[in-house]
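Asker: You'll find structure_29.cif just under this line, and it carries mmCIF, C-alpha atoms and all ligand atoms; chains and numbers go by the auth columns.
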```
data_work
#
loop_
_atom_site.group_PDB
_atom_site.id
_atom_site.type_symbol
_atom_site.label_atom_id
_atom_site.label_comp_id
_atom_site.label_asym_id
_atom_site.label_seq_id
_atom_site.Cartn_x
_atom_site.Cartn_y
_atom_site.Cartn_z
_atom_site.B_iso_or_equiv
_atom_site.auth_seq_id
_atom_site.auth_asym_id
ATOM 1 C CA MET A 1 -29.058 3.385 -49.665 0.00 1 A
ATOM 2 C CA ILE A 2 -25.827 3.004 -47.795 0.00 2 A
ATOM 3 C CA ASP A 3 -22.706 1.810 -49.552 0.00 3 A
ATOM 4 C CA LYS A 4 -21.760 -1.646 -48.346 0.00 4 A
ATOM 5 C CA LYS A 5 -18.089 -0.735 -48.422 0.00 5 A
ATOM 6 C CA LEU A 6 -18.788 2.159 -46.111 0.00 6 A
ATOM 7 C CA LEU A 7 -20.760 -0.125 -43.857 0.00 7 A
ATOM 8 C CA ALA A 8 -17.817 -2.512 -43.683 0.00 8 A
ATOM 9 C CA LEU A 9 -15.662 0.301 -42.346 0.00 9 A
ATOM 10 C CA LEU A 10 -18.072 1.158 -39.601 0.00 10 A
ATOM 11 C CA ALA A 11 -18.148 -0.361 -36.181 0.00 11 A
ATOM 12 C CA CYS A 12 -20.543 -0.015 -33.328 0.00 12 A
ATOM 13 C CA PRO A 13 -19.303 2.792 -31.054 0.00 13 A
ATOM 14 C CA ALA A 14 -20.602 0.986 -27.995 0.00 14 A
ATOM 15 C CA CYS A 15 -19.068 -2.469 -28.423 0.00 15 A
ATOM 16 C CA GLN A 16 -16.954 -2.210 -31.616 0.00 16 A
ATOM 17 C CA GLY A 17 -19.060 -4.954 -33.150 0.00 17 A
ATOM 18 C CA ASP A 18 -19.964 -5.231 -36.816 0.00 18 A
ATOM 19 C CA VAL A 19 -22.924 -3.262 -38.034 0.00 19 A
ATOM 20 C CA GLU A 20 -25.431 -3.957 -40.768 0.00 20 A
ATOM 21 C CA PHE A 21 -27.990 -1.955 -42.681 0.00 21 A
ATOM 22 C CA LYS A 22 -31.514 -2.866 -41.714 0.00 22 A
ATOM 23 C CA ASP A 23 -34.858 -1.090 -42.044 0.00 23 A
ATOM 24 C CA LYS A 24 -33.179 2.192 -42.973 0.00 24 A
ATOM 25 C CA LYS A 25 -31.066 2.045 -39.869 0.00 25 A
ATOM 26 C CA ILE A 26 -27.650 0.813 -38.880 0.00 26 A
ATOM 27 C CA VAL A 27 -27.961 -2.108 -36.521 0.00 27 A
ATOM 28 C CA CYS A 28 -25.143 -3.623 -34.503 0.00 28 A
ATOM 29 C CA THR A 29 -24.976 -7.390 -34.958 0.00 29 A
ATOM 30 C CA LYS A 30 -23.445 -7.797 -31.522 0.00 30 A
ATOM 31 C CA CYS A 31 -25.299 -5.614 -29.025 0.00 31 A
ATOM 32 C CA HIS A 32 -28.283 -4.832 -31.304 0.00 32 A
ATOM 33 C CA ARG A 33 -28.212 -1.128 -30.718 0.00 33 A
ATOM 34 C CA ASN A 34 -29.482 0.761 -33.706 0.00 34 A
ATOM 35 C CA TYR A 35 -28.389 4.041 -35.169 0.00 35 A
ATOM 36 C CA PRO A 36 -30.238 6.411 -37.467 0.00 36 A
ATOM 37 C CA ILE A 37 -29.151 7.464 -40.922 0.00 37 A
ATOM 38 C CA VAL A 38 -29.544 11.188 -41.382 0.00 38 A
ATOM 39 C CA ASP A 39 -29.288 12.573 -44.904 0.00 39 A
ATOM 40 C CA GLY A 40 -27.523 9.401 -46.015 0.00 40 A
ATOM 41 C CA ILE A 41 -24.959 9.576 -43.245 0.00 41 A
ATOM 42 C CA PRO A 42 -24.959 6.976 -40.490 0.00 42 A
ATOM 43 C CA VAL A 43 -25.021 8.604 -37.087 0.00 43 A
ATOM 44 C CA LEU A 44 -23.064 6.272 -34.879 0.00 44 A
ATOM 45 C CA LEU A 45 -23.415 7.976 -31.561 0.00 45 A
ATOM 46 C CA VAL A 46 -24.069 6.325 -28.254 0.00 46 A
ATOM 47 C CA ASP A 47 -26.457 7.859 -25.839 0.00 47 A
ATOM 48 C CA PRO A 48 -24.218 8.606 -22.804 0.00 48 A
ATOM 49 C CA THR A 49 -26.947 7.449 -20.469 0.00 49 A
ATOM 50 C CA GLU A 50 -26.823 3.990 -22.031 0.00 50 A
ATOM 51 C CA ILE A 51 -23.210 3.232 -21.319 0.00 51 A
HETATM 52 ZN ZN ZN B . -22.700 -2.885 -30.568 0.00 1 B
#
```
Reformat the file's structure so that it appears as structure tokens.
Ligand SMILES: [Zn+2]
Answerer:
Amino acid sequence: MIDKKLLALLACPACQGDVEFKDKKIVCTKCHRNYPIVDGIPVLLVDPTEI
């Protein structure tokens, strides 16, 4: 489980929107991209082809 305080510090790398924890992933509330959590660490990387 991801710490909510940590989540509050994170922002979507694509649009700088707020992110939330959902279905074991990090989901941006603004652009709805989702990011995996690997070994308990959110991987907030944007696929360069998506930008
Ligand atoms: Zn976003």
Asker: Report, in Å to a single decimal, how far apart CA of Gly17 in chain A and CA of Val46 in chain A are.
Answerer: 13.3 Å
Asker: Within 12 Å of ligand ZN 1 (chain B), which residues show up when you count all atoms listed in the file? List them as an mmCIF file with C-alpha atoms, in the coordinates of the input, please.
Answerer:
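Written output follows (part.cif):
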```
data_model
loop_
_atom_site.group_PDB
_atom_site.id
_atom_site.type_symbol
_atom_site.label_atom_id
_atom_site.label_comp_id
_atom_site.auth_asym_id
_atom_site.auth_seq_id
_atom_site.Cartn_x
_atom_site.Cartn_y
_atom_site.Cartn_z
ATOM 1 C CA LEU A 10 -18.072 1.158 -39.601
ATOM 2 C CA ALA A 11 -18.148 -0.361 -36.181
ATOM 3 C CA CYS A 12 -20.543 -0.015 -33.328
ATOM 4 C CA PRO A 13 -19.303 2.792 -31.054
ATOM 5 C CA ALA A 14 -20.602 0.986 -27.995
ATOM 6 C CA CYS A 15 -19.068 -2.469 -28.423
ATOM 7 C CA GLN A 16 -16.954 -2.210 -31.616
ATOM 8 C CA GLY A 17 -19.060 -4.954 -33.150
ATOM 9 C CA ASP A 18 -19.964 -5.231 -36.816
ATOM 10 C CA VAL A 19 -22.924 -3.262 -38.034
ATOM 11 C CA GLU A 20 -25.431 -3.957 -40.768
ATOM 12 C CA ILE A 26 -27.650 0.813 -38.880
ATOM 13 C CA VAL A 27 -27.961 -2.108 -36.521
ATOM 14 C CA CYS A 28 -25.143 -3.623 -34.503
ATOM 15 C CA THR A 29 -24.976 -7.390 -34.958
ATOM 16 C CA LYS A 30 -23.445 -7.797 -31.522
ATOM 17 C CA CYS A 31 -25.299 -5.614 -29.025
ATOM 18 C CA HIS A 32 -28.283 -4.832 -31.304
ATOM 19 C CA ARG A 33 -28.212 -1.128 -30.718
ATOM 20 C CA ASN A 34 -29.482 0.761 -33.706
ATOM 21 C CA TYR A 35 -28.389 4.041 -35.169
ATOM 22 C CA LEU A 44 -23.064 6.272 -34.879
ATOM 23 C CA LEU A 45 -23.415 7.976 -31.561
ATOM 24 C CA VAL A 46 -24.069 6.325 -28.254
ATOM 25 C CA GLU A 50 -26.823 3.990 -22.031
ATOM 26 C CA ILE A 51 -23.210 3.232 -21.319
#
```
Asker: Between CA of Leu7 in chain A and CA of Pro42 in chain A, measure the distance and give it in Å to one decimal.
Answerer: 8.9 Å
Asker: Rounded to one decimal place, report the CA of Leu9 in chain A-CA of Lys24 in chain A distance in Å.
Answerer: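 So the answer is 17.6 Å.
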